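Raw final-v1.cif, mmCIF, C-alpha atoms:
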data_structure
#
loop_
_atom_site.group_PDB
_atom_site.id
_atom_site.type_symbol
_atom_site.label_atom_id
_atom_site.label_comp_id
_atom_site.auth_asym_id
_atom_site.auth_seq_id
_atom_site.Cartn_x
_atom_site.Cartn_y
_atom_site.Cartn_z
ATOM 1 C CA MET A 206 81.548 121.454 115.640
ATOM 2 C CA PRO A 207 85.045 122.904 116.195
ATOM 3 C CA VAL A 208 87.503 122.556 113.315
ATOM 4 C CA ILE A 209 91.206 122.595 114.122
ATOM 5 C CA SER A 210 92.888 123.777 110.924
ATOM 6 C CA TYR A 211 96.495 123.664 109.775
ATOM 7 C CA ASP A 212 97.394 125.167 106.411
ATOM 8 C CA LEU A 213 100.828 123.914 105.341
ATOM 9 C CA PRO A 214 101.923 122.927 108.850
ATOM 10 C CA ASP A 215 105.571 122.800 109.857
ATOM 11 C CA ARG A 216 105.031 119.110 110.570
ATOM 12 C CA PHE A 217 102.279 116.539 110.022
ATOM 13 C CA VAL A 218 103.117 112.958 111.019
ATOM 14 C CA ALA A 219 101.768 109.700 112.318
ATOM 15 C CA GLY A 220 103.534 108.409 115.409
ATOM 16 C CA THR A 221 103.224 106.108 118.375
ATOM 17 C CA VAL A 222 103.678 106.042 122.103
ATOM 18 C CA GLY A 223 104.582 102.719 123.699
ATOM 19 C CA GLN A 224 106.158 99.442 122.679
ATOM 20 C CA PRO A 225 105.056 97.194 119.771
ATOM 21 C CA GLY A 226 102.003 95.261 120.866
ATOM 22 C CA ASP A 227 101.050 98.028 123.278
ATOM 23 C CA ARG A 228 101.362 101.146 121.115
ATOM 24 C CA ALA A 229 98.944 104.051 120.916
ATOM 25 C CA PHE A 230 98.789 105.667 117.450
ATOM 26 C CA TYR A 231 98.463 109.401 116.824
ATOM 27 C CA LEU A 232 98.265 111.958 114.053
ATOM 28 C CA GLN A 233 100.138 115.083 115.039
ATOM 29 C CA ALA A 234 100.186 118.499 113.370
ATOM 30 C CA ARG A 235 102.464 121.353 114.365
ATOM 31 C CA ALA A 236 102.666 124.991 113.267
ATOM 32 C CA GLY A 237 105.109 127.029 115.338
ATOM 33 C CA ALA A 238 104.418 126.324 119.014
ATOM 34 C CA ARG A 239 100.865 125.049 118.332
ATOM 35 C CA VAL A 240 100.619 121.228 118.383
ATOM 36 C CA THR A 241 97.526 119.061 117.946
ATOM 37 C CA SER A 242 97.523 115.293 118.540
ATOM 38 C CA VAL A 243 94.566 113.018 117.794
ATOM 39 C CA GLY A 244 94.370 109.318 118.610
ATOM 40 C CA LEU A 245 93.450 106.638 116.115
ATOM 41 C CA GLU A 246 93.865 102.949 115.394
ATOM 42 C CA LYS A 247 96.788 101.311 113.600
ATOM 43 C CA PHE A 248 94.598 100.213 110.686
ATOM 44 C CA GLN A 249 93.424 103.831 110.243
ATOM 45 C CA VAL A 250 97.036 105.009 109.940
ATOM 46 C CA GLU A 251 97.724 102.332 107.334
ATOM 47 C CA LEU A 252 94.572 103.107 105.332
ATOM 48 C CA LEU A 253 95.252 106.840 105.396
ATOM 49 C CA ALA A 254 98.804 106.326 104.120
ATOM 50 C CA GLU A 255 97.706 103.921 101.388
ATOM 51 C CA ARG A 256 94.871 106.196 100.240
ATOM 52 C CA LEU A 257 97.179 109.218 100.196
ATOM 53 C CA GLU A 258 99.591 107.338 97.927
ATOM 54 C CA GLU A 259 96.714 106.262 95.668
ATOM 55 C CA LEU A 260 95.310 109.807 95.526
ATOM 56 C CA LEU A 261 98.671 111.334 94.601
ATOM 57 C CA ASP A 262 99.362 108.658 91.982
ATOM 58 C CA GLU A 263 95.907 109.159 90.447
ATOM 59 C CA VAL A 264 96.263 112.944 90.280
ATOM 60 C CA LEU A 265 99.676 112.524 88.684
ATOM 61 C CA ARG A 266 98.284 109.998 86.183
ATOM 62 C CA ARG A 267 95.279 112.169 85.261
ATOM 63 C CA SER A 268 97.476 115.216 84.765
ATOM 64 C CA GLY A 269 99.664 113.304 82.352
ATOM 65 C CA GLY A 270 102.618 113.941 84.630
ATOM 66 C CA SER A 271 102.202 117.728 84.583
ATOM 67 C CA ALA A 272 101.047 118.061 88.222
ATOM 68 C CA SER A 273 103.795 119.046 90.641
ATOM 69 C CA ILE A 274 103.635 115.786 92.563
ATOM 70 C CA PRO A 275 106.881 114.012 93.432
ATOM 71 C CA ALA A 276 106.973 110.283 92.693
ATOM 72 C CA VAL A 277 108.949 109.730 95.915
ATOM 73 C CA THR A 278 109.464 111.688 99.118
ATOM 74 C CA PRO A 279 111.906 114.570 98.699
ATOM 75 C CA GLU A 280 115.032 114.013 100.811
ATOM 76 C CA ASP A 281 114.554 117.198 102.873
ATOM 77 C CA LEU A 282 111.082 116.053 104.019
ATOM 78 C CA HIS A 283 112.115 112.721 105.592
ATOM 79 C CA ASP A 284 111.101 112.823 109.259
ATOM 80 C CA ASP A 285 112.031 110.014 111.629
ATOM 81 C CA SER A 286 111.842 112.103 114.808
ATOM 82 C CA PRO A 287 109.496 111.087 117.628
ATOM 83 C CA LEU A 288 106.226 112.870 118.254
ATOM 84 C CA ASP A 289 106.428 116.294 119.864
ATOM 85 C CA GLN A 290 106.039 115.970 123.628
ATOM 86 C CA PRO A 291 103.887 115.981 125.605
ATOM 87 C CA VAL A 292 101.386 114.042 123.512
ATOM 88 C CA GLU A 293 97.960 115.207 124.674
ATOM 89 C CA GLU A 294 95.115 113.584 122.770
ATOM 90 C CA GLU A 295 92.502 116.118 121.624
ATOM 91 C CA PHE A 296 90.065 113.388 120.542
ATOM 92 C CA ARG A 297 89.790 109.882 119.016
ATOM 93 C CA VAL A 298 89.337 109.733 115.269
ATOM 94 C CA GLY A 299 86.154 108.070 114.041
ATOM 95 C CA ALA A 300 86.144 109.024 110.360
ATOM 96 C CA MET A 301 88.661 110.364 107.876
ATOM 97 C CA ALA A 302 88.391 112.018 104.490
ATOM 98 C CA LEU A 303 90.835 112.992 101.747
ATOM 99 C CA ALA A 304 90.472 115.521 98.973
ATOM 100 C CA TRP A 305 92.606 117.098 96.259
ATOM 101 C CA ASP A 306 92.367 120.864 95.788
ATOM 102 C CA PRO A 307 93.334 121.381 92.110
ATOM 103 C CA GLN A 308 93.550 125.188 92.346
ATOM 104 C CA GLU A 309 96.034 125.138 95.225
ATOM 105 C CA GLU A 310 97.512 121.724 94.279
ATOM 106 C CA ARG A 311 97.123 120.532 97.838
ATOM 107 C CA VAL A 312 95.889 117.487 99.661
ATOM 108 C CA ILE A 313 93.267 118.054 102.355
ATOM 109 C CA VAL A 314 93.186 115.510 105.182
ATOM 110 C CA GLU A 315 90.282 115.547 107.630
ATOM 111 C CA ALA A 316 90.100 113.435 110.764
ATOM 112 C CA ALA A 317 86.785 113.707 112.601
ATOM 113 C CA GLU A 318 85.945 112.708 116.131
ATOM 114 C CA ASN A 319 83.540 109.875 116.787
ATOM 115 C CA ASP A 320 80.044 111.240 117.043
ATOM 116 C CA PRO A 321 78.213 108.967 119.522
ATOM 117 C CA THR A 322 74.835 110.144 118.218
ATOM 118 C CA LEU A 323 75.580 108.461 114.892
ATOM 119 C CA LEU A 324 75.811 105.080 116.602
ATOM 120 C CA ASP A 325 72.217 105.046 117.847
ATOM 121 C CA PRO A 326 69.720 104.638 114.993
ATOM 122 C CA GLU A 327 66.856 105.428 117.404
ATOM 123 C CA GLU A 328 68.162 108.950 118.022
ATOM 124 C CA PRO A 329 67.414 111.638 115.434
ATOM 125 C CA ALA A 330 70.507 113.054 113.740
ATOM 126 C CA PRO A 331 71.513 116.409 115.182
ATOM 127 C CA GLU A 332 71.323 119.486 112.956
ATOM 128 C CA GLU A 333 74.958 120.267 113.727
ATOM 129 C CA PRO A 334 77.202 117.196 114.162
ATOM 130 C CA GLU A 335 78.975 116.960 117.478
ATOM 131 C CA GLY A 336 82.675 116.461 117.882
ATOM 132 C CA SER A 337 85.828 118.044 116.551
ATOM 133 C CA THR A 338 87.642 117.777 113.235
ATOM 134 C CA LEU A 339 91.334 118.111 112.460
ATOM 135 C CA ARG A 340 91.760 119.574 108.949
ATOM 136 C CA VAL A 341 95.254 119.696 107.452
ATOM 137 C CA SER A 342 96.219 121.150 104.066
ATOM 138 C CA LEU A 343 99.444 119.669 102.658
ATOM 139 C CA THR A 344 101.586 119.989 99.581
ATOM 140 C CA ALA A 345 101.908 116.808 97.537
ATOM 141 C CA ALA A 346 105.486 116.444 98.788
ATOM 142 C CA GLN A 347 104.352 116.723 102.425
ATOM 143 C CA ALA A 348 101.651 114.106 101.751
ATOM 144 C CA ARG A 349 104.241 111.717 100.232
ATOM 145 C CA ALA A 350 106.458 112.193 103.278
ATOM 146 C CA PHE A 351 103.528 111.545 105.628
ATOM 147 C CA ALA A 352 102.543 108.354 103.784
ATOM 148 C CA GLU A 353 106.092 107.006 103.699
ATOM 149 C CA ARG A 354 106.610 107.541 107.422
ATOM 150 C CA ALA A 355 103.175 106.126 108.303
ATOM 151 C CA LEU A 356 103.751 102.925 106.315
ATOM 152 C CA LYS A 357 107.147 102.423 107.994
ATOM 153 C CA LEU A 358 105.520 102.995 111.373
ATOM 154 C CA VAL A 359 102.871 100.353 110.749
ATOM 155 C CA ALA A 360 105.459 97.861 109.450
ATOM 156 C CA ALA A 361 107.624 98.366 112.565
ATOM 157 C CA GLY A 362 105.128 96.542 114.775
ATOM 158 C CA ARG A 363 105.275 92.952 115.946
ATOM 159 C CA PRO A 364 106.275 90.435 113.276
ATOM 160 C CA PRO A 365 103.419 88.365 111.815
ATOM 161 C CA CYS A 366 102.949 84.653 112.431
ATOM 162 C CA PRO A 367 104.149 82.771 109.330
ATOM 163 C CA LEU A 368 101.042 80.564 109.444
ATOM 164 C CA CYS A 369 98.124 82.879 110.179
ATOM 165 C CA GLY A 370 99.529 86.372 109.738
ATOM 166 C CA LEU A 371 98.394 87.586 113.177
ATOM 167 C CA PRO A 372 101.002 89.469 115.242
ATOM 168 C CA LEU A 373 103.385 87.355 117.297
ATOM 169 C CA ASP A 374 103.646 88.105 120.978
ATOM 170 C CA SER A 375 106.821 87.721 123.050
ATOM 171 C CA SER A 376 104.894 85.508 125.510
ATOM 172 C CA GLY A 377 103.699 83.152 122.781
ATOM 173 C CA HIS A 378 100.968 83.038 120.172
ATOM 174 C CA VAL A 379 97.736 81.072 120.017
ATOM 175 C CA CYS A 380 97.609 80.378 116.311
ATOM 176 C CA PRO A 381 94.182 79.609 114.845
ATOM 177 C CA ARG A 382 95.881 77.640 112.050
ATOM 178 C CA GLN A 383 97.308 75.309 114.721
ATOM 179 C CA ASN A 384 93.822 74.654 116.150
ATOM 180 C CA GLY A 385 94.487 76.949 119.101
ATOM 181 C CA HIS A 386 97.725 75.328 120.289
ATOM 182 C CA LEU A 387 100.142 77.759 121.927
ATOM 183 C CA ARG A 388 103.191 78.331 119.790
ATOM 184 C CA THR A 389 106.264 79.873 121.371
ATOM 185 C CA ILE A 390 108.649 81.978 119.389
#
Render the structure in this file as structure tokens.
Amino acid sequence: MPVISYDLPDRFVAGTVGQPGDRAFYLQARAGARVTSVGLEKFQVELLAERLEELLDEVLRRSGGSASIPAVTPEDLHDDSPLDQPVEEEFRVGAMALAWDPQEERVIVEAAENDPTLLDPEEPAPEEPEGSTLRVSLTAAQARAFAERALKLVAAGRPPCPLCGLPLDSSGHVCPRQNGHLRTI
């Protein structure tokens, strides 16, 4: 299984291609001229950002405030630039993992490709899992910056219906709370 590794990349962000309601979500890592983009779902971006924030807050709490983890994103790490072009998807993310390396004081983010053999319970598990993995090692400050940007990205989508919370569409919205009646905005 190939592992695409970035140790303290120049840039690690979540971004989109397309308009709200028709966006494709990506994680993108860059070190020098090398760029890796992997596709994932909006909910995966949101969960990753939330879990990163929780991980950093927990490490800070357990250290009694002595860990070098910023409470907010440092100003010089704010990144609102679009994804590096061209965006060429290496693979679709099926599973993600987070870890804290206490010796290096770094966050490790892993995004693994879907392994189709795991979906069929009749097939024996392979000795070596198939698929690729993106592994990124970040400082706590880089992780805070990633999480902040990712949460803004998710929030920038279509506004939610005030009744059911599902995204509103410019062509109207069939709201389940209105018994399926079309509601125009």
Who sits within 12 Å of Ala350 (chain A), all atoms listed in the file, same chain under 6 positions skipped, as a PDB file with C-alpha atoms, in the coordinates of the input:
ATOM      1  CA  ARG A 216     105.031 119.110 110.570  1.00  0.00           C
ATOM      2  CA  PHE A 217     102.279 116.539 110.022  1.00  0.00           C
ATOM      3  CA  VAL A 218     103.117 112.958 111.019  1.00  0.00           C
ATOM      4  CA  ALA A 219     101.768 109.700 112.318  1.00  0.00           C
ATOM      5  CA  ALA A 254      98.804 106.326 104.120  1.00  0.00           C
ATOM      6  CA  LEU A 257      97.179 109.218 100.196  1.00  0.00           C
ATOM      7  CA  GLU A 258      99.591 107.338  97.927  1.00  0.00           C
ATOM      8  CA  LEU A 261      98.671 111.334  94.601  1.00  0.00           C
ATOM      9  CA  ILE A 274     103.635 115.786  92.563  1.00  0.00           C
ATOM     10  CA  PRO A 275     106.881 114.012  93.432  1.00  0.00           C
ATOM     11  CA  ALA A 276     106.973 110.283  92.693  1.00  0.00           C
ATOM     12  CA  VAL A 277     108.949 109.730  95.915  1.00  0.00           C
ATOM     13  CA  THR A 278     109.464 111.688  99.118  1.00  0.00           C
ATOM     14  CA  PRO A 279     111.906 114.570  98.699  1.00  0.00           C
ATOM     15  CA  GLU A 280     115.032 114.013 100.811  1.00  0.00           C
ATOM     16  CA  ASP A 281     114.554 117.198 102.873  1.00  0.00           C
ATOM     17  CA  LEU A 282     111.082 116.053 104.019  1.00  0.00           C
ATOM     18  CA  HIS A 283     112.115 112.721 105.592  1.00  0.00           C
ATOM     19  CA  ASP A 284     111.101 112.823 109.259  1.00  0.00           C
ATOM     20  CA  ASP A 285     112.031 110.014 111.629  1.00  0.00           C
ATOM     21  CA  LEU A 343      99.444 119.669 102.658  1.00  0.00           C
ATOM     22  CA  THR A 344     101.586 119.989  99.581  1.00  0.00           C
ATOM     23  CA  LEU A 356     103.751 102.925 106.315  1.00  0.00           C
ATOM     24  CA  LYS A 357     107.147 102.423 107.994  1.00  0.00           C
TER      25      LYS A 357
END
Provide the CA of Pro214 (chain A) to CA of Leu232 (chain A) distance in Å, to one decimal place.
12.7 Å
d(CA of Phe230 (chain A), CA of Val250 (chain A)) in Å
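So the two atoms, CA of Phe230 (chain A) and CA of Val250 (chain A), lie 7.7 Å apart.
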Residue nearest Glu310 (chain A) among A:Thr338, A:Gln347, A:Gln249, A:Gln290 (counting only C-alpha atoms)
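Of A:Thr338, A:Gln347, A:Gln249, A:Gln290, the one nearest Glu310 (chain A) is A:Gln347, counting only C-alpha atoms.
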Find the residues around Pro372 (chain A) up to 10 Å (all atoms listed in the file counted), leave out those fewer than 6 positions away in its own chain, and share them as a PDB file with C-alpha atoms, keeping the file's coordinate frame.
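Saved the output as around_5.pdb:
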ATOM      1  CA  PRO A 225     105.056  97.194 119.771  1.00  0.00           C
ATOM      2  CA  GLY A 226     102.003  95.261 120.866  1.00  0.00           C
ATOM      3  CA  GLY A 362     105.128  96.542 114.775  1.00  0.00           C
ATOM      4  CA  ARG A 363     105.275  92.952 115.946  1.00  0.00           C
ATOM      5  CA  PRO A 364     106.275  90.435 113.276  1.00  0.00           C
ATOM      6  CA  PRO A 365     103.419  88.365 111.815  1.00  0.00           C
ATOM      7  CA  CYS A 366     102.949  84.653 112.431  1.00  0.00           C
ATOM      8  CA  HIS A 378     100.968  83.038 120.172  1.00  0.00           C
ATOM      9  CA  CYS A 380      97.609  80.378 116.311  1.00  0.00           C
TER      10      CYS A 380
END
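Atom pair CA of Thr221 (chain A) / CA of Glu335 (chain A): separated by 26.6 Å.
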Please provide the set of residues having any atom within 10 Å of Val312 (chain A), restricted to only C-alpha atoms, with same-chain residues fewer than 4 positions apart removed, written as a ChimeraX atom specification.
/A:213,257,260-261,303-307,341-348
Shell around Gly220 (chain A) at 9 Å using all atoms listed in the file, local window under 6 positions removed, as a PyMOL selection string:
chain A and resi 229-233+287-288+354-355+358
Considering only C-alpha atoms, state which residue in the set A:Asn319, A:Ser273, A:Pro291, A:Gln383 is at the smallest distance from Pro367 (chain A).
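The shortest atom-to-atom distance to Pro367 (chain A) comes from A:Gln383.
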Which residues fall under the PyMOL selection byres ((chain A and resi 236) around 8) in this file, as a VMD selection string?
chain A and resid 211 214 to 216 234 to 235 237 to 240
From A:Ala302, A:Val359, A:Leu371, A:Ala352, residue lying nearest Glu318 (chain A) [all atoms listed in the file]:
A:Ala302
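Nearest to Pro207 (chain A) of all the residues A:Ile313, A:Arg349, A:Ser242, A:Glu295 is A:Glu295, based on all atoms listed in the file.
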Padding 8 Å on each side, edges along x, y and z: where is the centre of the box around the listed atoms of region 272-277 of chain A, and how long are its edges in Å to one decimal? Output it as JSON.
{"center_x": 105.0, "center_y": 114.4, "center_z": 92.1, "size_x": 23.9, "size_y": 25.3, "size_z": 23.7}
